[in-house]
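Trainee: Take this structure first; my questions come after.
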Amino acid sequence: MTSKSQHKHAWVIGASSGIGAALAKSLAERGEVLALSGRNGEALNSVEEALPGQGHVVLPLDVRDPAELSAGVDRLLQDWPRLDRIVFMAGLYEPMRLRELDVLQVEKILAVNLMGAFNLIAAALPSLLQAGTRTQLAFCASVAGYRGLPNAQPYGASKAGLINLVESLKIEHGDRLDVRLISPGFVETRLTEKNSFDMPFRISPERAGERIAKGLTRPGFELHFPRRFTWLMKALASLPYALYWPLARRAR
Ligand SMILES: NC(=O)c1ccc[n+]([C@@H]2O[C@H](COP(=O)([O-])OP(=O)(O)OC[C@H]3O[C@@H](n4cnc5c(N)ncnc54)[C@H](OP(=O)(O)O)[C@@H]3O)[C@@H](O)[C@H]2O)c1
């Protein structure tokens with residue numbers, strides 16, 4: 001029997017539904033102790049009740065509020081023997097065409113998907129570097145951030161910004177933190193329910209959660225899946241503009 005302090009301790013931010021909830025379950029099944037964050041406390045409690053294992057905590061917060069993230073970091077560093085991983089899954093999506101932009105929605109999406117990640121880094125980095133425990137810091141972006149796509153704003157821009165930010169974090173602090181980028185293709189959640197188009201190679205949140213949990217325990221930087229789709233997106237992203245435009249325009 002292992003003592004509690006020998007379990008890994010993981011904080012999933014955006015754990016109240018979808019991929020984050022499934023990831024929390026997969027990590028708990030691997031014996032990890034979880035802290036679950038998101039805005040919806042009731043949903044977080046339901047996720048927590050269904051987790052195997054003991055010692056999990058619910059920490060409702062809004063990633064748009066730097067003070068709430070700082071309080072979360074302080075509490076976990078104080079209550080837990082160590083903070084092994086933080087996974088930033090929080091995200092919003094609204095399909096929008098550029099000629100019909102709703103700038104208030106744009107602001108909200110950027111505030112959660114991109115500013116939320118900056119807020120977390122600002123709140124956690126000094127303490128994590130000081131703790132010197134090589135905490136894993138993983139951020140969920142998307143293949144939608146690889147390159148400008150039709151009908152994909154502002155979500156695409158928020159995820160492109162997030163990829164850029166995580167790359168900088170890896171370069172600046174990869175020697176002391178285990179920085180990870182998660183790039184899923186289509187996953188069936190309330191987020192993608194809003195899509196009216198066919199989503200190729202889509203997978204269930206359970207499969208995505210399992211894939212991420214497994215990937216985070218292995219070495220590497222980017223975790224992308226399902227591979228048949230993400231390699232195709234990577235190939236498209238590597239094309240010069242002259243070849244990319246005609247292909248991308250077909251999807252308008
Ligand atoms: N589904 C896909 O196909 C897909 C593909 C690529 C990437 N992703 C990314 O995967 C992540 C999870 O998405 P999902 O598909 O699982 O959708 P989801 O079920 O809507 O989950 C989004 C999570 O983000 C949390 N969240 C939203 N705003 C927040 C805020 N202001 N503060 C704290 N938490 C907040 C939500 O919790 P509350 O509502 O309780 O706040 C929820 O737990 C997102 O980053 C998304 O962009 C999804």
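As shown in the structure tokens, the chain order sets the letters A, B, ...; within each chain, residues go from 1, and ligands are also counted from 1 in the order they appear.
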Residues near segment 222-232 of chain A, anyone? I mean within 7 Å using only C-alpha atoms, not counting same-chain ones fewer than 4 positions away, as a PyMOL selection string.
Mentor: chain A and resi 143+180-185+201+215+236
Trainee: Write out, as a tab-separated table (two decimals), in the first residue's frame, the residues just selected, with N, CA and C atoms.
Mentor:
chain	number	residue	atom	x	y	z
A	143	VAL	N	-5.47	21.89	-33.11
A	143	VAL	CA	-4.93	21.95	-34.46
A	143	VAL	C	-5.48	23.19	-35.20
A	180	ARG	N	4.31	21.18	-21.67
A	180	ARG	CA	3.64	20.35	-22.68
A	180	ARG	C	2.59	21.13	-23.44
A	181	LEU	N	2.45	20.74	-24.71
A	181	LEU	CA	1.41	21.30	-25.57
A	181	LEU	C	0.49	20.15	-25.99
A	182	ILE	N	-0.82	20.35	-25.82
A	182	ILE	CA	-1.79	19.32	-26.22
A	182	ILE	C	-2.57	19.86	-27.41
A	183	SER	N	-2.57	19.12	-28.52
A	183	SER	CA	-3.24	19.57	-29.73
A	183	SER	C	-4.24	18.51	-30.21
A	184	PRO	N	-5.47	18.56	-29.70
A	184	PRO	CA	-6.46	17.58	-30.17
A	184	PRO	C	-7.05	17.99	-31.52
A	185	GLY	N	-7.52	16.97	-32.26
A	185	GLY	CA	-8.39	17.22	-33.42
A	185	GLY	C	-9.80	17.35	-32.87
A	201	PHE	N	-12.70	12.32	-38.37
A	201	PHE	CA	-11.91	11.59	-37.36
A	201	PHE	C	-12.23	12.00	-35.92
A	215	GLY	N	-0.24	10.21	-22.63
A	215	GLY	CA	0.80	11.04	-23.24
A	215	GLY	C	1.56	11.87	-22.21
A	236	LEU	N	-0.49	20.38	-43.97
A	236	LEU	CA	-1.09	21.61	-44.52
A	236	LEU	C	-0.38	22.85	-43.98
Trainee: List the spatial neighbours of segment 105-120 of chain A as a PyMOL selection string - criterion: any atom at most 8 Å away, only C-alpha atoms, same-chain residues fewer than 3 positions off excluded.
Mentor: chain A and resi 63-66+69-70+88+90-94+101-102+123-124+139+154-155+158-159+161-162
Trainee: Can you tell me which residues surround Ser46 of chain A at a distance of at most 10 Å, considering only C-alpha atoms, apart from same-chain residues fewer than 4 positions away, and format the answer as a list of chain:residue names?
Mentor: A:Ser16, A:Ser17, A:Ala21, A:Gly41, A:Glu42, A:Ala50, A:Leu51, A:Val58
Trainee: Those same residues - N, CA and C atoms - I'd like them written as a compact mmCIF listing (two decimals), in the first residue's frame.
Mentor:
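Writing done, so here's result18.txt:
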# COMPACT_ATOMS: atom_id res chain seq x y z
N SER A 16 -14.72 20.57 -15.42
CA SER A 16 -16.14 20.37 -15.10
C SER A 16 -16.90 19.64 -16.19
N SER A 17 -16.32 19.54 -17.39
CA SER A 17 -17.03 18.83 -18.47
C SER A 17 -16.03 18.39 -19.54
N ALA A 21 -12.90 16.73 -17.84
CA ALA A 21 -13.53 15.80 -16.89
C ALA A 21 -13.05 14.38 -17.16
N GLY A 41 -19.23 25.03 -9.95
CA GLY A 41 -18.92 24.22 -8.77
C GLY A 41 -19.72 22.94 -8.69
N GLU A 42 -21.02 23.03 -9.06
CA GLU A 42 -21.87 21.82 -8.99
C GLU A 42 -21.37 20.74 -9.94
N ALA A 50 -17.45 11.04 -8.86
CA ALA A 50 -17.31 9.84 -9.70
C ALA A 50 -15.85 9.37 -9.82
N LEU A 51 -14.93 10.12 -9.20
CA LEU A 51 -13.51 9.74 -9.35
C LEU A 51 -13.13 8.59 -8.42
N VAL A 58 -12.12 20.08 -4.95
CA VAL A 58 -12.79 20.91 -5.94
C VAL A 58 -12.42 22.36 -5.64
Trainee: Could you pull the residues within 7 Å of Leu59 of chain A, counting only C-alpha atoms, minus those fewer than 3 positions along the same chain, as a list in words?
Mentor: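 Residues near the query, excluding close chain neighbours: Ala35, Leu36 and Ser37 of chain A.
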Trainee: Write to file, as an mmCIF file, in the first residue's frame, the residues of the selection just made, with N, CA and C atoms.
Mentor:
data_model
loop_
_atom_site.group_PDB
_atom_site.id
_atom_site.type_symbol
_atom_site.label_atom_id
_atom_site.label_comp_id
_atom_site.auth_asym_id
_atom_site.auth_seq_id
_atom_site.Cartn_x
_atom_site.Cartn_y
_atom_site.Cartn_z
ATOM 1 N N ALA A 35 -7.022 17.965 -8.225
ATOM 2 C CA ALA A 35 -7.751 19.195 -7.903
ATOM 3 C C ALA A 35 -8.492 19.566 -9.182
ATOM 4 N N LEU A 36 -9.772 19.873 -9.048
ATOM 5 C CA LEU A 36 -10.619 20.128 -10.214
ATOM 6 C C LEU A 36 -11.083 21.580 -10.213
ATOM 7 N N SER A 37 -10.793 22.294 -11.308
ATOM 8 C CA SER A 37 -11.220 23.691 -11.395
ATOM 9 C C SER A 37 -12.046 23.961 -12.639
#
Trainee: Taking the backbone alone, and naming residues the way the document does, which bits of segment 4-242 of chain A are alpha helix (DSSP H) by DSSP, as an mmCIF file with C-alpha atoms, in the first residue's frame?
Mentor:
data_model
loop_
_atom_site.group_PDB
_atom_site.id
_atom_site.type_symbol
_atom_site.label_atom_id
_atom_site.label_comp_id
_atom_site.auth_asym_id
_atom_site.auth_seq_id
_atom_site.Cartn_x
_atom_site.Cartn_y
_atom_site.Cartn_z
ATOM 1 C CA GLY A 18 -15.804 17.348 -21.737
ATOM 2 C CA ILE A 19 -12.159 16.419 -22.224
ATOM 3 C CA GLY A 20 -11.014 17.894 -18.883
ATOM 4 C CA ALA A 21 -13.531 15.802 -16.887
ATOM 5 C CA ALA A 22 -12.516 12.670 -18.800
ATOM 6 C CA LEU A 23 -8.821 13.465 -18.292
ATOM 7 C CA ALA A 24 -9.387 13.860 -14.532
ATOM 8 C CA LYS A 25 -10.995 10.410 -14.453
ATOM 9 C CA SER A 26 -8.140 8.829 -16.431
ATOM 10 C CA LEU A 27 -5.534 10.403 -14.147
ATOM 11 C CA ALA A 28 -7.442 9.310 -11.013
ATOM 12 C CA GLU A 29 -7.607 5.776 -12.416
ATOM 13 C CA GLY A 41 -18.919 24.225 -8.768
ATOM 14 C CA GLU A 42 -21.869 21.820 -8.995
ATOM 15 C CA ALA A 43 -20.522 20.191 -12.151
ATOM 16 C CA LEU A 44 -17.082 19.927 -10.543
ATOM 17 C CA ASN A 45 -18.611 18.211 -7.497
ATOM 18 C CA SER A 46 -20.307 15.635 -9.746
ATOM 19 C CA VAL A 47 -17.030 14.937 -11.540
ATOM 20 C CA GLU A 48 -15.232 14.604 -8.200
ATOM 21 C CA GLU A 49 -17.844 12.192 -6.770
ATOM 22 C CA PRO A 66 -5.640 36.316 -11.796
ATOM 23 C CA ALA A 67 -6.329 36.541 -8.032
ATOM 24 C CA GLU A 68 -8.422 33.341 -8.067
ATOM 25 C CA LEU A 69 -5.637 31.493 -9.900
ATOM 26 C CA SER A 70 -3.015 32.787 -7.445
ATOM 27 C CA ALA A 71 -5.153 31.653 -4.509
ATOM 28 C CA GLY A 72 -5.479 28.211 -6.151
ATOM 29 C CA VAL A 73 -1.718 27.880 -6.644
ATOM 30 C CA ASP A 74 -1.015 28.966 -3.042
ATOM 31 C CA ARG A 75 -3.566 26.558 -1.613
ATOM 32 C CA LEU A 76 -2.334 23.525 -3.546
ATOM 33 C CA LEU A 77 1.326 24.246 -2.830
ATOM 34 C CA GLN A 78 0.451 24.509 0.855
ATOM 35 C CA ASP A 79 -1.908 21.507 1.114
ATOM 36 C CA VAL A 103 -16.574 41.543 -30.691
ATOM 37 C CA LEU A 104 -17.860 40.954 -27.150
ATOM 38 C CA GLN A 105 -17.701 37.198 -27.785
ATOM 39 C CA VAL A 106 -14.257 37.637 -29.356
ATOM 40 C CA GLU A 107 -13.064 39.362 -26.197
ATOM 41 C CA LYS A 108 -14.536 36.617 -23.991
ATOM 42 C CA ILE A 109 -12.939 33.810 -26.001
ATOM 43 C CA LEU A 110 -9.525 35.489 -26.012
ATOM 44 C CA GLY A 116 -6.397 32.648 -18.948
ATOM 45 C CA ALA A 117 -3.152 30.870 -19.826
ATOM 46 C CA PHE A 118 -1.139 34.063 -19.248
ATOM 47 C CA ASN A 119 -2.933 34.477 -15.905
ATOM 48 C CA LEU A 120 -2.016 30.939 -14.885
ATOM 49 C CA ILE A 121 1.621 31.386 -15.862
ATOM 50 C CA ALA A 122 1.807 34.696 -13.981
ATOM 51 C CA ALA A 123 0.218 33.091 -10.912
ATOM 52 C CA ALA A 124 2.202 29.853 -10.879
ATOM 53 C CA LEU A 125 5.615 30.326 -12.465
ATOM 54 C CA PRO A 126 7.506 32.125 -9.656
ATOM 55 C CA SER A 127 6.362 29.590 -7.006
ATOM 56 C CA LEU A 128 6.941 26.576 -9.241
ATOM 57 C CA LEU A 129 10.452 27.704 -10.134
ATOM 58 C CA GLN A 130 11.160 28.334 -6.470
ATOM 59 C CA ALA A 131 9.793 24.917 -5.477
ATOM 60 C CA TYR A 155 -10.968 30.492 -31.660
ATOM 61 C CA GLY A 156 -8.133 29.839 -34.140
ATOM 62 C CA ALA A 157 -6.326 33.047 -33.206
ATOM 63 C CA SER A 158 -6.660 32.272 -29.483
ATOM 64 C CA LYS A 159 -5.147 28.809 -29.971
ATOM 65 C CA ALA A 160 -2.391 30.093 -32.309
ATOM 66 C CA GLY A 161 -1.490 32.602 -29.588
ATOM 67 C CA LEU A 162 -1.543 29.852 -26.986
ATOM 68 C CA ILE A 163 0.795 27.634 -29.046
ATOM 69 C CA ASN A 164 3.196 30.560 -29.432
ATOM 70 C CA LEU A 165 3.050 31.248 -25.680
ATOM 71 C CA VAL A 166 3.692 27.615 -24.727
ATOM 72 C CA GLU A 167 6.644 27.447 -27.133
ATOM 73 C CA SER A 168 8.164 30.492 -25.416
ATOM 74 C CA LEU A 169 7.552 28.910 -22.009
ATOM 75 C CA LYS A 170 9.320 25.752 -23.154
ATOM 76 C CA ILE A 171 12.313 27.722 -24.432
ATOM 77 C CA GLU A 172 12.585 29.965 -21.359
ATOM 78 C CA HIS A 173 11.860 27.394 -18.635
ATOM 79 C CA PRO A 205 -13.993 12.747 -24.719
ATOM 80 C CA GLU A 206 -13.179 9.496 -22.869
ATOM 81 C CA ARG A 207 -10.772 8.466 -25.618
ATOM 82 C CA ALA A 208 -9.225 11.956 -25.661
ATOM 83 C CA GLY A 209 -8.864 11.974 -21.851
ATOM 84 C CA GLU A 210 -7.188 8.584 -21.899
ATOM 85 C CA ARG A 211 -4.902 9.646 -24.754
ATOM 86 C CA ILE A 212 -3.829 12.775 -22.866
ATOM 87 C CA ALA A 213 -3.321 10.952 -19.543
ATOM 88 C CA LYS A 214 -1.114 8.400 -21.264
ATOM 89 C CA GLY A 215 0.800 11.040 -23.241
ATOM 90 C CA LEU A 216 1.512 13.211 -20.209
ATOM 91 C CA ARG A 227 -2.764 11.161 -35.602
ATOM 92 C CA ARG A 228 -4.380 10.431 -38.987
ATOM 93 C CA PHE A 229 -5.959 13.873 -38.775
ATOM 94 C CA THR A 230 -3.253 15.846 -36.975
ATOM 95 C CA TRP A 231 -0.460 14.770 -39.348
ATOM 96 C CA LEU A 232 -2.612 15.966 -42.228
ATOM 97 C CA MET A 233 -3.087 19.322 -40.485
ATOM 98 C CA LYS A 234 0.652 19.518 -39.863
ATOM 99 C CA ALA A 235 1.341 18.815 -43.538
ATOM 100 C CA LEU A 236 -1.088 21.609 -44.523
ATOM 101 C CA ALA A 237 0.541 23.956 -42.017
ATOM 102 C CA TYR A 241 1.271 30.280 -48.964
ATOM 103 C CA ALA A 242 1.029 29.818 -52.729
#
Trainee: Expressed in Å to a single decimal, how great is the separation between atom 47 (O, counted along the ligand's line) of ligand 1 and atom CA of Leu137 of chain A?
Mentor: 16.5 Å
Trainee: In Å, how far is it from atom CA of Thr217 of chain A to atom CA of Gly174 of chain A?
Mentor: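 Interatomic distance here is 16.2 Å.
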Trainee: Among segment 32-217 of chain A, which residues carry a DSSP assignment of strand (DSSP E or B), reported as an mmCIF file with N, CA and C atoms, in the first residue's frame?
Mentor:
data_model
loop_
_atom_site.group_PDB
_atom_site.id
_atom_site.type_symbol
_atom_site.label_atom_id
_atom_site.label_comp_id
_atom_site.auth_asym_id
_atom_site.auth_seq_id
_atom_site.Cartn_x
_atom_site.Cartn_y
_atom_site.Cartn_z
ATOM 1 N N VAL A 33 -3.935 12.058 -7.394
ATOM 2 C CA VAL A 33 -4.855 12.849 -6.584
ATOM 3 C C VAL A 33 -5.127 14.137 -7.365
ATOM 4 N N LEU A 34 -6.430 14.481 -7.494
ATOM 5 C CA LEU A 34 -6.809 15.564 -8.384
ATOM 6 C C LEU A 34 -7.333 16.804 -7.673
ATOM 7 N N ALA A 35 -7.022 17.965 -8.225
ATOM 8 C CA ALA A 35 -7.751 19.195 -7.903
ATOM 9 C C ALA A 35 -8.492 19.566 -9.182
ATOM 10 N N LEU A 36 -9.772 19.873 -9.048
ATOM 11 C CA LEU A 36 -10.619 20.128 -10.214
ATOM 12 C C LEU A 36 -11.083 21.580 -10.213
ATOM 13 N N SER A 37 -10.793 22.294 -11.308
ATOM 14 C CA SER A 37 -11.220 23.691 -11.395
ATOM 15 C C SER A 37 -12.046 23.961 -12.639
ATOM 16 N N VAL A 57 -9.847 17.297 -4.575
ATOM 17 C CA VAL A 57 -10.470 18.548 -4.121
ATOM 18 C C VAL A 57 -11.081 19.301 -5.297
ATOM 19 N N VAL A 58 -12.115 20.077 -4.947
ATOM 20 C CA VAL A 58 -12.793 20.908 -5.944
ATOM 21 C C VAL A 58 -12.422 22.358 -5.642
ATOM 22 N N ARG A 85 1.531 18.050 -11.645
ATOM 23 C CA ARG A 85 1.132 18.580 -12.958
ATOM 24 C C ARG A 85 -0.035 19.547 -12.859
ATOM 25 N N ILE A 86 0.024 20.510 -13.775
ATOM 26 C CA ILE A 86 -1.099 21.433 -13.950
ATOM 27 C C ILE A 86 -1.483 21.326 -15.418
ATOM 28 N N VAL A 87 -2.763 21.036 -15.664
ATOM 29 C CA VAL A 87 -3.214 20.921 -17.052
ATOM 30 C C VAL A 87 -4.273 21.984 -17.303
ATOM 31 N N PHE A 88 -3.972 22.909 -18.191
ATOM 32 C CA PHE A 88 -4.893 24.003 -18.515
ATOM 33 C C PHE A 88 -5.774 23.568 -19.682
ATOM 34 N N GLN A 136 4.980 19.554 -14.095
ATOM 35 C CA GLN A 136 4.535 19.523 -15.498
ATOM 36 C C GLN A 136 3.470 20.602 -15.694
ATOM 37 N N LEU A 137 3.644 21.408 -16.725
ATOM 38 C CA LEU A 137 2.703 22.489 -17.035
ATOM 39 C C LEU A 137 2.220 22.244 -18.462
ATOM 40 N N ALA A 138 0.975 21.766 -18.600
ATOM 41 C CA ALA A 138 0.453 21.382 -19.921
ATOM 42 C C ALA A 138 -0.715 22.290 -20.305
ATOM 43 N N PHE A 139 -0.756 22.684 -21.571
ATOM 44 C CA PHE A 139 -1.810 23.577 -22.060
ATOM 45 C C PHE A 139 -2.501 22.947 -23.260
ATOM 46 N N CYS A 140 -3.819 22.987 -23.239
ATOM 47 C CA CYS A 140 -4.577 22.414 -24.364
ATOM 48 C C CYS A 140 -4.842 23.483 -25.412
ATOM 49 N N ASP A 178 8.408 20.853 -16.857
ATOM 50 C CA ASP A 178 8.080 19.920 -17.931
ATOM 51 C C ASP A 178 6.913 20.526 -18.727
ATOM 52 N N VAL A 179 7.244 21.342 -19.734
ATOM 53 C CA VAL A 179 6.219 22.092 -20.462
ATOM 54 C C VAL A 179 5.640 21.230 -21.584
ATOM 55 N N ARG A 180 4.310 21.180 -21.674
ATOM 56 C CA ARG A 180 3.642 20.346 -22.682
ATOM 57 C C ARG A 180 2.586 21.130 -23.444
ATOM 58 N N LEU A 181 2.447 20.744 -24.711
ATOM 59 C CA LEU A 181 1.405 21.304 -25.574
ATOM 60 C C LEU A 181 0.492 20.153 -25.994
ATOM 61 N N ILE A 182 -0.818 20.349 -25.817
ATOM 62 C CA ILE A 182 -1.787 19.322 -26.215
ATOM 63 C C ILE A 182 -2.573 19.859 -27.410
ATOM 64 N N SER A 183 -2.568 19.115 -28.518
ATOM 65 C CA SER A 183 -3.245 19.574 -29.732
ATOM 66 C C SER A 183 -4.239 18.514 -30.213
ATOM 67 N N PRO A 184 -5.472 18.561 -29.697
ATOM 68 C CA PRO A 184 -6.456 17.582 -30.171
ATOM 69 C C PRO A 184 -7.045 17.987 -31.520
ATOM 70 N N VAL A 187 -13.150 16.471 -30.975
ATOM 71 C CA VAL A 187 -13.621 15.624 -29.872
ATOM 72 C C VAL A 187 -15.095 15.980 -29.633
ATOM 73 N N ILE A 203 -13.448 11.948 -32.099
ATOM 74 C CA ILE A 203 -13.356 10.891 -31.092
ATOM 75 C C ILE A 203 -14.147 11.303 -29.844
#
Trainee: Select, from A:Arg99, A:Leu83, A:Tyr146, A:His9, the residue with the minimum atom-to-atom distance to ligand 1, counting only C-alpha atoms and all ligand atoms.
Mentor: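 Residue with the minimum atom-to-atom distance to ligand 1: A:Tyr146.
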Trainee: Closest to ligand 1 among A:Gln54, A:Ser204, A:His7, A:Phe197, using only C-alpha atoms and all ligand atoms?
Mentor: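 Closest residue, counting only C-alpha atoms and all ligand atoms: A:Ser204.
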Trainee: So how many Å separate atom 9 (C, counted along the ligand's line) of ligand 1 and atom CA of Val12 of chain A, to one decimal?
Mentor: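 So the answer is 12.8 Å.
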